[in-house]
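One file, data_28.txt, carrying compact mmCIF, C-alpha atoms:
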# COMPACT_ATOMS: atom_id res chain seq x y z
CA MET W 1 28.45 -10.67 -5.25
CA GLU W 2 27.27 -8.72 -2.25
CA GLU W 3 26.03 -10.45 0.85
CA VAL W 4 22.30 -10.98 1.22
CA LYS W 5 20.75 -11.39 4.64
CA LEU W 6 17.14 -11.82 5.62
CA HIS W 7 15.93 -10.97 9.12
CA GLY W 8 12.73 -12.90 9.64
CA PHE W 9 10.45 -14.66 12.08
CA TRP W 10 9.60 -18.34 11.67
CA ALA W 11 5.82 -17.86 11.95
CA SER W 12 5.57 -14.75 9.78
CA PRO W 13 3.90 -15.02 6.37
CA PHE W 14 5.70 -11.82 5.34
CA SER W 15 9.09 -13.41 6.03
CA HIS W 16 8.09 -16.38 3.94
CA LYS W 17 7.07 -14.25 0.96
CA VAL W 18 10.63 -12.95 0.83
CA ILE W 19 12.08 -16.46 1.24
CA TRP W 20 9.95 -17.72 -1.64
CA ALA W 21 11.09 -14.91 -3.95
CA LEU W 22 14.76 -15.40 -3.08
CA LYS W 23 14.49 -19.17 -3.58
CA LEU W 24 12.64 -18.81 -6.88
CA LYS W 25 15.48 -16.59 -8.12
CA GLY W 26 18.18 -18.88 -6.74
CA VAL W 27 19.62 -16.12 -4.59
CA GLU W 28 21.95 -17.26 -1.81
CA TYR W 29 21.20 -15.60 1.50
CA GLU W 30 21.78 -15.86 5.21
CA TYR W 31 18.65 -16.18 7.33
CA ILE W 32 18.61 -14.54 10.75
CA GLU W 33 15.78 -15.45 13.11
CA GLU W 34 14.53 -12.48 15.10
CA ASP W 35 12.76 -12.75 18.43
CA ILE W 36 9.96 -10.27 17.85
CA THR W 37 9.09 -10.24 21.55
CA ASN W 38 12.62 -9.06 22.29
CA LYS W 39 13.76 -7.08 19.29
CA SER W 40 17.46 -6.92 18.53
CA GLU W 41 19.45 -3.70 18.27
CA LEU W 42 20.10 -4.55 14.65
CA LEU W 43 16.39 -4.89 13.84
CA LEU W 44 15.67 -1.53 15.44
CA LYS W 45 18.56 0.02 13.55
CA TYR W 46 17.54 -1.45 10.21
CA ASN W 47 13.82 -0.65 10.52
CA PRO W 48 13.39 2.28 12.87
CA VAL W 49 10.07 3.27 11.31
CA TYR W 50 8.12 0.05 11.88
CA LYS W 51 10.54 -2.04 13.98
CA LYS W 52 9.34 -5.15 12.14
CA ILE W 53 10.55 -8.05 10.09
CA PRO W 54 11.12 -8.99 7.32
CA ILE W 55 14.16 -6.89 6.55
CA LEU W 56 16.37 -7.68 3.60
CA VAL W 57 19.95 -6.48 3.94
CA HIS W 58 21.91 -6.39 0.68
CA GLY W 59 25.54 -5.38 0.90
CA GLY W 60 24.83 -3.91 4.34
CA LYS W 61 21.92 -1.78 3.11
CA PRO W 62 18.52 -2.56 4.66
CA ILE W 63 15.12 -2.69 2.96
CA ALA W 64 11.90 -3.06 4.94
CA GLU W 65 8.26 -3.81 4.04
CA SER W 66 7.65 -7.06 2.20
CA THR W 67 6.04 -5.52 -0.91
CA VAL W 68 8.98 -3.14 -1.28
CA ILE W 69 11.46 -5.97 -0.69
CA LEU W 70 9.77 -8.15 -3.32
CA GLU W 71 9.97 -5.42 -6.00
CA TYR W 72 13.62 -4.86 -5.07
CA ILE W 73 14.38 -8.57 -5.44
CA GLU W 74 12.62 -8.60 -8.82
CA GLU W 75 14.66 -5.64 -10.08
CA THR W 76 18.00 -6.74 -8.67
CA TRP W 77 17.86 -10.39 -9.75
CA PRO W 78 16.05 -10.47 -13.10
CA GLN W 79 16.36 -14.24 -13.63
CA ASN W 80 13.05 -16.13 -13.44
CA PRO W 81 10.94 -12.96 -13.71
CA LEU W 82 8.17 -12.66 -11.14
CA LEU W 83 6.45 -9.67 -12.70
CA PRO W 84 5.38 -9.05 -16.30
CA THR W 85 7.82 -6.95 -18.33
CA ASP W 86 5.01 -5.12 -20.12
CA ALA W 87 4.26 -1.91 -18.22
CA TYR W 88 0.48 -2.31 -18.45
CA GLN W 89 0.52 -5.95 -17.31
CA LYS W 90 2.86 -4.93 -14.51
CA ALA W 91 0.36 -2.28 -13.40
CA ILE W 92 -2.38 -4.94 -13.36
CA ALA W 93 -0.14 -7.26 -11.33
CA ARG W 94 0.62 -4.48 -8.83
CA PHE W 95 -3.12 -3.81 -8.50
CA TRP W 96 -3.74 -7.43 -7.50
CA ILE W 97 -0.73 -7.50 -5.20
CA GLN W 98 -2.19 -4.53 -3.33
CA PHE W 99 -5.76 -5.86 -3.37
CA GLY W 100 -6.96 -7.01 0.02
CA ALA W 101 -3.72 -6.04 1.72
CA TYR W 102 -3.83 -4.52 5.22
CA GLU W 103 -7.58 -4.47 5.31
CA PRO W 104 -9.03 -3.84 8.79
CA TYR W 105 -11.48 -6.72 8.43
CA PHE W 106 -8.69 -9.28 8.73
CA ARG W 107 -7.79 -7.90 12.14
CA LYS W 108 -11.46 -7.79 13.13
CA PHE W 109 -11.98 -11.38 12.01
CA PHE W 110 -9.03 -12.52 14.09
CA HIS W 111 -9.74 -10.48 17.22
CA ALA W 112 -13.48 -10.00 17.37
CA SER W 113 -16.37 -12.33 17.98
CA GLY W 114 -20.10 -12.49 17.39
CA GLU W 115 -21.67 -9.96 15.05
CA GLU W 116 -18.49 -7.98 14.47
CA GLN W 117 -16.64 -11.11 13.43
CA GLU W 118 -19.51 -12.22 11.21
CA LYS W 119 -19.42 -8.88 9.44
CA ALA W 120 -15.65 -9.18 8.97
CA ALA W 121 -16.04 -12.72 7.62
CA LYS W 122 -18.53 -11.45 5.04
CA GLU W 123 -16.14 -8.68 3.99
CA ILE W 124 -13.27 -11.14 3.65
CA PHE W 125 -15.45 -13.45 1.58
CA GLY W 126 -16.43 -10.54 -0.67
CA MET W 127 -12.80 -9.63 -1.21
CA LEU W 128 -11.79 -13.25 -1.94
CA LYS W 129 -14.66 -13.62 -4.40
CA ILE W 130 -13.42 -10.60 -6.36
CA LEU W 131 -9.86 -11.90 -6.14
CA GLU W 132 -10.74 -15.30 -7.55
CA GLU W 133 -13.14 -14.04 -10.20
CA GLN W 134 -11.39 -10.96 -11.46
CA GLY W 135 -7.81 -11.43 -10.33
CA LEU W 136 -7.34 -15.11 -10.97
CA GLY W 137 -10.11 -15.89 -13.47
CA ASP W 138 -9.43 -19.10 -15.38
CA LYS W 139 -5.70 -19.07 -14.81
CA LYS W 140 -3.89 -21.76 -12.87
CA PHE W 141 -1.86 -19.14 -11.04
CA PHE W 142 -2.08 -15.34 -10.89
CA GLY W 143 1.19 -15.47 -12.81
CA GLY W 144 -0.28 -17.77 -15.48
CA ASP W 145 1.43 -21.16 -15.79
CA SER W 146 3.85 -20.42 -12.99
CA ILE W 147 3.66 -18.38 -9.80
CA ASN W 148 4.69 -14.75 -9.65
CA LEU W 149 4.65 -11.92 -7.10
CA VAL W 150 0.84 -11.82 -7.11
CA ASP W 151 0.68 -15.49 -6.06
CA ILE W 152 3.33 -14.79 -3.45
CA ALA W 153 1.39 -11.78 -2.15
CA HIS W 154 -1.68 -13.95 -1.54
CA GLY W 155 0.42 -16.92 -0.53
CA TRP W 156 -0.38 -16.33 3.13
CA LEU W 157 -3.96 -17.49 2.59
CA PRO W 158 -3.56 -21.29 2.59
CA LEU W 159 -1.50 -21.85 5.70
CA TRP W 160 -1.76 -18.63 7.68
CA PHE W 161 -5.29 -17.49 7.03
CA GLY W 162 -6.24 -21.16 7.20
CA SER W 163 -4.75 -21.31 10.71
CA ILE W 164 -6.63 -18.17 11.69
CA GLU W 165 -9.87 -19.75 10.46
CA GLU W 166 -9.12 -22.78 12.63
CA ALA W 167 -8.19 -20.67 15.64
CA VAL W 168 -11.38 -18.60 15.55
CA GLY W 169 -13.55 -21.53 14.44
CA VAL W 170 -14.99 -19.79 11.40
CA LYS W 171 -14.35 -20.97 7.86
CA VAL W 172 -14.45 -18.48 5.00
CA MET W 173 -12.45 -20.24 2.27
CA GLU W 174 -14.93 -22.99 1.39
CA SER W 175 -14.32 -24.99 -1.78
CA THR W 176 -18.01 -24.78 -2.62
CA THR W 177 -18.29 -21.01 -2.50
CA LEU W 178 -14.72 -20.11 -3.60
CA PRO W 179 -13.94 -22.93 -6.07
CA ARG W 180 -11.27 -21.10 -8.06
CA LEU W 181 -9.46 -19.98 -4.95
CA HIS W 182 -9.64 -23.51 -3.62
CA ALA W 183 -8.07 -24.85 -6.82
CA TRP W 184 -5.40 -22.16 -6.69
CA ILE W 185 -4.59 -23.11 -3.09
CA GLN W 186 -4.09 -26.76 -4.06
CA ASN W 187 -1.83 -25.80 -6.98
CA PHE W 188 0.09 -23.17 -5.03
CA MET W 189 0.88 -25.52 -2.15
CA GLU W 190 2.25 -28.07 -4.65
CA VAL W 191 4.88 -25.71 -6.05
CA ASP W 192 8.28 -27.02 -4.90
CA VAL W 193 9.67 -23.74 -3.58
CA ILE W 194 6.48 -23.18 -1.57
CA LYS W 195 6.15 -26.77 -0.33
CA GLU W 196 9.76 -26.81 0.83
CA ASN W 197 9.59 -23.43 2.55
CA LEU W 198 6.65 -23.47 4.90
CA PRO W 199 6.59 -23.48 8.69
CA ASP W 200 5.02 -26.41 10.52
CA ARG W 201 1.26 -25.88 10.34
CA GLU W 202 0.57 -27.22 13.80
CA LYS W 203 3.19 -24.92 15.28
CA VAL W 204 1.67 -21.95 13.45
CA LEU W 205 -1.79 -22.87 14.76
CA VAL W 206 -0.46 -22.98 18.31
CA HIS W 207 1.26 -19.65 17.78
CA VAL W 208 -1.85 -18.03 16.26
CA LYS W 209 -4.03 -19.31 19.12
CA LYS W 210 -1.58 -17.88 21.65
CA VAL W 211 -1.59 -14.48 19.93
CA ARG W 212 -5.37 -14.44 19.91
CA GLU W 213 -5.63 -15.44 23.57
CA LYS W 214 -3.21 -12.71 24.52
CA PHE W 215 -5.22 -10.12 22.59
CA VAL W 216 -8.52 -11.23 24.09
CA ALA W 217 -6.99 -11.21 27.58
CA ASN W 218 -5.62 -7.70 27.13
CA HIS W 219 -8.88 -6.35 25.81
CA SER W 220 -11.51 -7.96 27.98
CA ASN W 221 -13.15 -5.79 30.65
CA MET O 1 3.11 9.11 -28.58
CA ALA O 2 -0.26 9.97 -30.08
CA GLU O 3 -2.45 7.92 -27.81
CA GLU O 4 -5.70 8.76 -26.16
CA VAL O 5 -5.22 9.38 -22.46
CA VAL O 6 -8.18 10.06 -20.19
CA LEU O 7 -8.08 10.76 -16.45
CA LEU O 8 -11.16 10.13 -14.32
CA ASP O 9 -10.68 12.29 -11.28
CA PHE O 10 -12.30 14.38 -8.55
CA TRP O 11 -10.88 17.86 -8.12
CA PRO O 12 -10.08 17.88 -4.34
CA SER O 13 -8.60 14.36 -4.32
CA MET O 14 -5.03 14.27 -3.02
CA PHE O 15 -4.65 11.03 -4.94
CA GLY O 16 -5.94 12.43 -8.21
CA VAL O 17 -3.49 15.31 -7.80
CA ARG O 18 -0.61 12.83 -7.99
CA VAL O 19 -1.62 11.76 -11.46
CA ARG O 20 -2.34 15.31 -12.66
CA ILE O 21 1.14 16.40 -11.58
CA VAL O 22 2.86 13.53 -13.36
CA LEU O 23 0.93 14.07 -16.58
CA VAL O 24 2.13 17.69 -16.64
CA GLU O 25 5.69 16.68 -15.69
CA LYS O 26 5.79 14.33 -18.65
CA GLY O 27 4.08 16.74 -21.01
CA ILE O 28 1.31 14.27 -21.77
CA GLU O 29 -1.83 15.48 -23.51
CA TYR O 30 -4.90 14.08 -21.83
CA GLU O 31 -8.60 14.56 -21.28
CA TYR O 32 -9.61 15.37 -17.72
CA ARG O 33 -13.03 14.09 -16.70
CA GLU O 34 -14.54 15.25 -13.44
CA GLU O 35 -16.47 12.56 -11.55
CA ASP O 36 -19.34 13.27 -9.20
CA LEU O 37 -18.59 10.69 -6.51
CA ARG O 38 -22.20 10.71 -5.34
CA ASN O 39 -23.26 9.84 -8.87
CA LYS O 40 -20.48 7.84 -10.46
CA SER O 41 -20.37 7.59 -14.24
CA SER O 42 -20.90 4.28 -15.97
CA LEU O 43 -17.40 4.71 -17.40
CA LEU O 44 -15.88 4.85 -13.92
CA LEU O 45 -17.85 1.80 -12.80
CA GLN O 46 -16.76 -0.02 -15.94
CA MET O 47 -13.10 1.00 -15.70
CA ASN O 48 -12.72 0.40 -11.97
CA PRO O 49 -15.32 -2.22 -11.12
CA VAL O 50 -13.38 -3.44 -8.08
CA HIS O 51 -13.02 -0.21 -6.10
CA LYS O 52 -15.22 2.22 -8.08
CA GLN O 53 -12.77 4.99 -7.13
CA ILE O 54 -10.82 7.73 -8.77
CA PRO O 55 -8.23 8.34 -10.05
CA VAL O 56 -8.39 6.04 -13.05
CA LEU O 57 -6.07 6.51 -15.99
CA ILE O 58 -7.45 5.21 -19.26
CA GLN O 59 -4.99 4.80 -22.09
CA ASN O 60 -6.46 3.70 -25.41
CA GLY O 61 -9.44 2.29 -23.55
CA LYS O 62 -7.35 0.33 -21.02
CA PRO O 63 -7.66 1.37 -17.37
CA VAL O 64 -4.96 1.65 -14.71
CA CYS O 65 -6.23 2.06 -11.14
CA GLU O 66 -4.67 3.10 -7.81
CA SER O 67 -2.77 6.39 -7.82
CA SER O 68 0.67 5.09 -6.84
CA ILE O 69 0.38 2.35 -9.45
CA ILE O 70 -0.72 4.90 -12.09
CA VAL O 71 2.24 7.15 -11.26
CA GLN O 72 4.71 4.27 -11.59
CA TYR O 73 3.03 3.18 -14.83
CA ILE O 74 3.29 6.65 -16.39
CA ASP O 75 6.91 6.90 -15.25
CA GLU O 76 7.73 3.59 -16.92
CA VAL O 77 5.91 4.23 -20.19
CA TRP O 78 7.01 7.86 -20.63
CA HIS O 79 10.46 7.11 -19.31
CA ASP O 80 12.47 9.53 -21.41
CA LYS O 81 11.15 12.69 -19.79
CA ALA O 82 11.33 13.89 -16.17
CA PRO O 83 12.03 10.53 -14.47
CA LEU O 84 10.33 10.30 -11.09
CA LEU O 85 11.70 7.10 -9.68
CA PRO O 86 15.46 6.80 -9.20
CA SER O 87 17.31 4.46 -11.55
CA ASP O 88 19.20 2.71 -8.74
CA PRO O 89 17.17 -0.26 -7.36
CA TYR O 90 18.07 0.51 -3.73
CA GLN O 91 17.00 4.15 -4.08
CA ARG O 92 13.83 2.98 -5.82
CA ALA O 93 13.12 0.69 -2.88
CA GLN O 94 13.55 3.62 -0.49
CA ALA O 95 11.17 5.76 -2.57
CA ARG O 96 8.58 2.96 -2.62
CA PHE O 97 8.99 2.48 1.12
CA TRP O 98 8.17 6.13 1.80
CA VAL O 99 5.18 6.23 -0.56
CA ASP O 100 3.90 3.06 1.11
CA PHE O 101 4.42 4.78 4.49
CA ILE O 102 2.46 7.83 3.35
CA ASP O 103 -0.34 5.64 2.04
CA LYS O 104 -0.52 3.56 5.20
CA LYS O 105 -0.10 6.25 7.82
CA LEU O 106 -1.26 9.66 6.65
CA TYR O 107 -4.74 9.32 5.17
CA ASN O 108 -6.53 7.86 8.17
CA PRO O 109 -5.55 10.47 10.79
CA SER O 110 -5.95 13.29 8.24
CA ARG O 111 -9.53 12.23 7.61
CA ARG O 112 -10.27 12.09 11.31
CA ILE O 113 -9.07 15.68 11.77
CA TRP O 114 -11.98 17.10 9.80
CA SER O 115 -14.58 14.46 10.62
CA THR O 116 -14.31 14.16 14.40
CA LYS O 117 -14.15 16.37 17.46
CA GLY O 118 -13.10 16.33 21.10
CA GLU O 119 -10.78 13.53 22.17
CA GLU O 120 -10.94 11.79 18.79
CA LEU O 121 -9.86 14.99 17.06
CA GLU O 122 -6.96 15.50 19.45
CA ALA O 123 -5.78 11.94 18.90
CA ALA O 124 -6.02 12.39 15.12
CA LYS O 125 -3.97 15.60 15.21
CA LYS O 126 -1.29 13.97 17.33
CA GLU O 127 -1.03 11.01 14.96
CA PHE O 128 -1.02 13.25 11.89
CA ILE O 129 1.81 15.41 13.22
CA GLU O 130 3.79 12.34 14.27
CA VAL O 131 3.63 11.01 10.73
CA LEU O 132 4.64 14.37 9.25
CA LYS O 133 7.54 14.57 11.68
CA VAL O 134 8.85 11.18 10.53
CA LEU O 135 8.64 12.44 6.95
CA GLU O 136 10.31 15.71 7.93
CA GLU O 137 13.20 13.77 9.44
CA GLN O 138 13.52 11.86 6.21
CA LEU O 139 13.63 15.07 4.21
CA LYS O 140 16.42 16.52 6.41
CA ASP O 141 18.07 19.35 4.49
CA LYS O 142 17.31 18.05 1.01
CA PRO O 143 15.23 20.30 -1.21
CA PHE O 144 13.00 17.35 -2.17
CA PHE O 145 12.46 13.81 -0.90
CA GLY O 146 13.99 12.73 -4.18
CA GLY O 147 17.12 14.74 -3.41
CA GLU O 148 17.97 17.58 -5.75
CA THR O 149 15.03 16.84 -7.98
CA PHE O 150 11.29 16.42 -7.50
CA GLY O 151 10.47 12.72 -7.45
CA TYR O 152 8.05 9.92 -6.66
CA VAL O 153 7.75 10.61 -2.93
CA ASP O 154 7.27 14.35 -3.50
CA VAL O 155 4.51 13.65 -6.05
CA CYS O 156 2.71 11.34 -3.66
CA LEU O 157 2.84 13.63 -0.64
CA ILE O 158 2.22 17.10 -2.07
CA GLY O 159 -1.48 16.42 -2.74
CA TYR O 160 -2.12 16.64 1.00
CA TYR O 161 -0.82 20.23 1.09
CA CYS O 162 -3.98 21.71 -0.40
CA TRP O 163 -5.90 20.11 2.48
CA PHE O 164 -3.69 21.65 5.18
CA TYR O 165 -5.75 24.82 5.49
CA ALA O 166 -8.87 22.71 6.12
CA TYR O 167 -7.03 20.53 8.69
CA GLU O 168 -5.63 23.57 10.47
CA THR O 169 -8.96 25.37 10.59
CA PHE O 170 -11.05 22.44 11.77
CA GLY O 171 -8.28 21.10 13.99
CA ASN O 172 -7.37 24.50 15.35
CA PHE O 173 -3.63 24.06 15.03
CA SER O 174 -0.73 25.18 12.91
CA ILE O 175 1.05 22.55 10.84
CA GLU O 176 3.86 25.02 10.11
CA ALA O 177 4.50 25.47 13.84
CA GLU O 178 4.97 21.72 14.23
CA CYS O 179 6.64 20.86 10.92
CA PRO O 180 8.25 23.94 9.39
CA GLN O 181 10.44 21.95 7.02
CA ILE O 182 7.41 20.20 5.55
CA ILE O 183 5.78 23.56 4.82
CA ALA O 184 9.02 24.90 3.34
CA TRP O 185 9.22 21.79 1.17
CA ALA O 186 5.57 22.16 0.09
CA LYS O 187 6.10 25.79 -0.89
CA ARG O 188 9.16 24.75 -2.89
CA CYS O 189 7.03 22.17 -4.70
CA THR O 190 4.32 24.68 -5.56
CA GLN O 191 6.93 26.70 -7.44
CA LYS O 192 6.96 23.92 -9.98
CA GLU O 193 4.54 24.41 -12.84
CA SER O 194 3.29 20.83 -12.66
CA VAL O 195 2.32 21.31 -9.02
CA SER O 196 0.85 24.81 -9.24
CA LYS O 197 -1.23 23.73 -12.24
CA SER O 198 -2.51 20.60 -10.52
CA LEU O 199 -3.08 21.51 -6.88
CA PRO O 200 -6.52 22.94 -6.14
CA ASP O 201 -6.74 26.07 -4.00
CA GLY O 202 -6.64 25.34 -0.24
CA LYS O 203 -9.58 27.66 0.49
CA LYS O 204 -11.67 25.93 -2.15
CA VAL O 205 -10.82 22.55 -0.56
CA PHE O 206 -11.79 24.02 2.80
CA GLY O 207 -15.20 24.96 1.41
CA PHE O 208 -15.64 21.45 0.09
CA VAL O 209 -14.66 19.89 3.43
CA GLN O 210 -17.00 22.27 5.25
CA GLU O 211 -19.91 20.83 3.26
CA LEU O 212 -18.69 17.27 3.77
CA ARG O 213 -18.33 17.82 7.50
CA LYS O 214 -22.02 18.45 7.90
CA LYS O 215 -22.56 14.75 7.36
CA PHE O 216 -20.11 13.74 10.06
CA VAL O 217 -19.89 16.39 12.74
CA VAL O 218 -22.51 18.42 14.51
CA ASP O 219 -20.82 21.75 15.10

The structure in this file should be written as structure tokens.
Amino acid sequence: MEEVKLHGFWASPFSHKVIWALKLKGVEYEYIEEDITNKSELLLKYNPVYKKIPILVHGGKPIAESTVILEYIEETWPQNPLLPTDAYQKAIARFWIQFGAYEPYFRKFFHASGEEQEKAAKEIFGMLKILEEQGLGDKKFFGGDSINLVDIAHGWLPLWFGSIEEAVGVKVMESTTLPRLHAWIQNFMEVDVIKENLPDREKVLVHVKKVREKFVANHSN
Amino acid sequence: MAEEVVLLDFWPSMFGVRVRIVLVEKGIEYEYREEDLRNKSSLLLQMNPVHKQIPVLIQNGKPVCESSIIVQYIDEVWHDKAPLLPSDPYQRAQARFWVDFIDKKLYNPSRRIWSTKGEELEAAKKEFIEVLKVLEEQLKDKPFFGGETFGYVDVCLIGYYCWFYAYETFGNFSIEAECPQIIAWAKRCTQKESVSKSLPDGKKVFGFVQELRKKFVVD
């Protein structure tokens, strides 16, 4: 059995996605906390392209980018499958994993204010509506009766996006207008592996507020 | 495998090219349907209601969307011929990493090269070359990103090559001067039947971009 190490950051949702996958598969690993304000030599060596966490190191070989790491984990440790085995269903799952990822409106929502932020909030709502109606539908989880990589991919919404909503004072994920998503959030946060592997919400809120303040300070005229 | 395969595509699309190449690599019979993106067919809207974009692969009436997902899907289903992804999970992860990098980093600056001017254009060129240089470093002295054989990363990058003439003309620069290995690699790829059959002519793409530009830039 080769050594598994995860370089992460306590407040990062991307780190947590990898933790959740490893825990769901029962993979033993060593967690290394990285100070992202003072990046280690090792981090820079393992991820020269982006210089970011999470980085999974398996038998000394590094893998970066959470979506890539998650597929690697799925292929390397096939127990408790987190993706469908059918090629077509897998393609559908990958579509929903990618959906809404890295969209500029998330940044805008977090950093902007006024009209620009309102516009971003509308775009986020639109995306979440499609996600809950066409991605989730009537299912309990994206993975069906249990969570899979699609749930994990959107697993940043409850705690992290929730904290961002609090920090900017604008709520998008309302139970009235996104009922299925709301139900999914309740169910997702009850899953043992998720419940037991979350950062402190208050601490994340403080962190998110700090990041926002810093951005606003650096960008105000 | 006698199954009906349809590809909804748009001829200059660097993303559609990916799927065309793979279909030839695998020797898959399919029906190509050209979409007018200013007047999308009801089939496209039905098959890709979320993004309403090409390419869309339809197999026996079931759609697969997003080019990199389509490529992986074809590679998995028609797995016995011309494998594109490596069999080793670590190598697969590396291939996925680089396709993800291409998808995240290359499209945006490339688009800005033909649709902006002045300072914005210069910034776009700089970013574009920087991204190509990172890819060039990754290529090193291998014939393909996949190593000895044409693979997933090669498929996903080569579609941009037919746009290079347009970028160079509108951006007034030489990509070969900055990234000679990338051009050498691209030429090597075009020697493959699947690529030469699938890549539209660079001058034709230039003509298309010229028309498109009128909407964005006042020359």

Residues of chain O no more than 10 Å from chain W, counting all atoms listed in the file: send them over as a CSV table (one decimal) with C-alpha atoms, in the coordinates of the input.
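Saved the output as selection.csv:
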chain,number,residue,atom,x,y,z
O,49,PRO,CA,-15.3,-2.2,-11.1
O,50,VAL,CA,-13.4,-3.4,-8.1
O,51,HIS,CA,-13.0,-0.2,-6.1
O,59,GLN,CA,-5.0,4.8,-22.1
O,62,LYS,CA,-7.4,0.3,-21.0
O,63,PRO,CA,-7.7,1.4,-17.4
O,64,VAL,CA,-5.0,1.6,-14.7
O,65,CYS,CA,-6.2,2.1,-11.1
O,66,GLU,CA,-4.7,3.1,-7.8
O,68,SER,CA,0.7,5.1,-6.8
O,69,ILE,CA,0.4,2.4,-9.4
O,70,ILE,CA,-0.7,4.9,-12.1
O,71,VAL,CA,2.2,7.2,-11.3
O,72,GLN,CA,4.7,4.3,-11.6
O,73,TYR,CA,3.0,3.2,-14.8
O,74,ILE,CA,3.3,6.6,-16.4
O,75,ASP,CA,6.9,6.9,-15.2
O,76,GLU,CA,7.7,3.6,-16.9
O,77,VAL,CA,5.9,4.2,-20.2
O,88,ASP,CA,19.2,2.7,-8.7
O,89,PRO,CA,17.2,-0.3,-7.4
O,90,TYR,CA,18.1,0.5,-3.7
O,91,GLN,CA,17.0,4.2,-4.1
O,92,ARG,CA,13.8,3.0,-5.8
O,93,ALA,CA,13.1,0.7,-2.9
O,94,GLN,CA,13.6,3.6,-0.5
O,95,ALA,CA,11.2,5.8,-2.6
O,96,ARG,CA,8.6,3.0,-2.6
O,97,PHE,CA,9.0,2.5,1.1
O,98,TRP,CA,8.2,6.1,1.8
O,100,ASP,CA,3.9,3.1,1.1
O,101,PHE,CA,4.4,4.8,4.5
O,104,LYS,CA,-0.5,3.6,5.2
O,134,VAL,CA,8.8,11.2,10.5

Please tabulate, as CSV, the residues of range 177-214 of chain W that come within 8 Å of range 142-162 of chain W, each with its closest pair of atoms and the distance in Å to one decimal, counting only C-alpha atoms and ordering rows by chain, then residue number upward.
residue,atom,partner,partner_atom,distance
W:Ile185,CA,W:Pro158,CA,6.1
W:Phe188,CA,W:Ile147,CA,7.6
W:Met189,CA,W:Pro158,CA,7.8
W:Arg201,CA,W:Leu159,CA,6.7
W:Val204,CA,W:Trp160,CA,7.5

Query raised in the report: What is the CA of Lys26 in chain O to CA of Asp201 in chain O distance in Å?
Result: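 One can read the CA of Lys26 in chain O to CA of Asp201 in chain O distance as 22.6 Å.
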
Requested in this report: Mind giving me the straight-line distance from CA of Trp114 in chain O to CA of Ser194 in chain O in Å, one decimal?
Outcome: 27.4 Å

Report task. With a distance cut-off of 10 Å and all atoms listed in the file, select the neighbouring residues of Leu24 in chain W, excluding the residue or stretch itself and same-chain residues fewer than 6 positions from it, and output the selection as a PyMOL selection string. Result -> chain W and resi 18+79-82+147-148+192-194

Could those selected residues go to a file with C-alpha atoms, as a PDB file, in the frame of the given file?
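This went into again-v7.pdb:
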ATOM      1  CA  VAL W  18      10.630 -12.950   0.830  1.00  0.00           C
ATOM      2  CA  GLN W  79      16.360 -14.240 -13.630  1.00  0.00           C
ATOM      3  CA  ASN W  80      13.050 -16.130 -13.440  1.00  0.00           C
ATOM      4  CA  PRO W  81      10.940 -12.960 -13.710  1.00  0.00           C
ATOM      5  CA  LEU W  82       8.170 -12.660 -11.140  1.00  0.00           C
ATOM      6  CA  ILE W 147       3.660 -18.380  -9.800  1.00  0.00           C
ATOM      7  CA  ASN W 148       4.690 -14.750  -9.650  1.00  0.00           C
ATOM      8  CA  ASP W 192       8.280 -27.020  -4.900  1.00  0.00           C
ATOM      9  CA  VAL W 193       9.670 -23.740  -3.580  1.00  0.00           C
ATOM     10  CA  ILE W 194       6.480 -23.180  -1.570  1.00  0.00           C
TER      11      ILE W 194
END

Report task. Fewer than 2 positions away in the same chain doesn't count, so skip those; otherwise give me all residues within 10 Å of Val4 in chain W, counting all atoms listed in the file, as an MDAnalysis selection string. Result -> chainID W and resid 1:2 6 22 27:31 56:62

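Between CA of Lys5 in chain W and CA of Ile32 in chain W the interatomic distance comes to 7.2 Å.
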
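Shortest separation to Trp96 in chain W among W:Glu174, W:Glu133, W:Glu3, W:Glu213 occurs at residue W:Glu133, atoms counted being all atoms listed in the file.
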
Query raised in the report: Nearest to Ser67 in chain O among O:Glu119, O:Asp9, O:Glu130, O:Glu31, with distances taken over all atoms listed in the file: which residue is it?
Result: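 With all atoms listed in the file as the atom set, the closest residue is O:Asp9.
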
Requested in this report: Check the smallest atom-to-atom distance from each of O:Leu57, O:Leu85, O:Val153, O:Ala166 to Arg111 in chain O using all atoms listed in the file, then report the winner.
Outcome: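 The answer is O:Ala166, which sits nearest to Arg111 in chain O.
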
Report task. Would you mind listing what lies within 10 Å of Val131 in chain O as a list in words, with all atoms listed in the file counted and same-chain residues fewer than 2 positions away left out? Result ->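 My list of contacting residues is Phe101, Ile102, Lys105, Leu106, Pro109, Lys125, Lys126, Glu127, Phe128, Ile129, Lys133, Val134, Leu135 and Glu136 of chain O.
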
Query - Proximity to Trp185 in chain O - best of O:Gly202, O:Gly171, O:Gly207, O:Pro143, all atoms listed in the file - result: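 Among the listed residues, O:Pro143 lies closest to Trp185 in chain O.
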
Query - Proximity to Asp103 in chain O - best of O:Pro12, O:Gly61, O:Gly159, O:Gly118, all atoms listed in the file - result: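 Residue with the minimum atom-to-atom distance to Asp103 in chain O: O:Gly159.
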
Taking the point (11.3, -13.3, 21.4) as given in the file, collect each protein or nucleic acid residue that comes within 12 Å of it, counting all atoms listed in the file, and present the set as a CSV table (one decimal) with C-alpha atoms, in the coordinates of the input.
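And here is the file that came out, point20.csv:
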chain,number,residue,atom,x,y,z
W,8,GLY,CA,12.7,-12.9,9.6
W,9,PHE,CA,10.4,-14.7,12.1
W,10,TRP,CA,9.6,-18.3,11.7
W,11,ALA,CA,5.8,-17.9,12.0
W,33,GLU,CA,15.8,-15.4,13.1
W,34,GLU,CA,14.5,-12.5,15.1
W,35,ASP,CA,12.8,-12.8,18.4
W,36,ILE,CA,10.0,-10.3,17.8
W,37,THR,CA,9.1,-10.2,21.6
W,38,ASN,CA,12.6,-9.1,22.3
W,39,LYS,CA,13.8,-7.1,19.3
W,40,SER,CA,17.5,-6.9,18.5
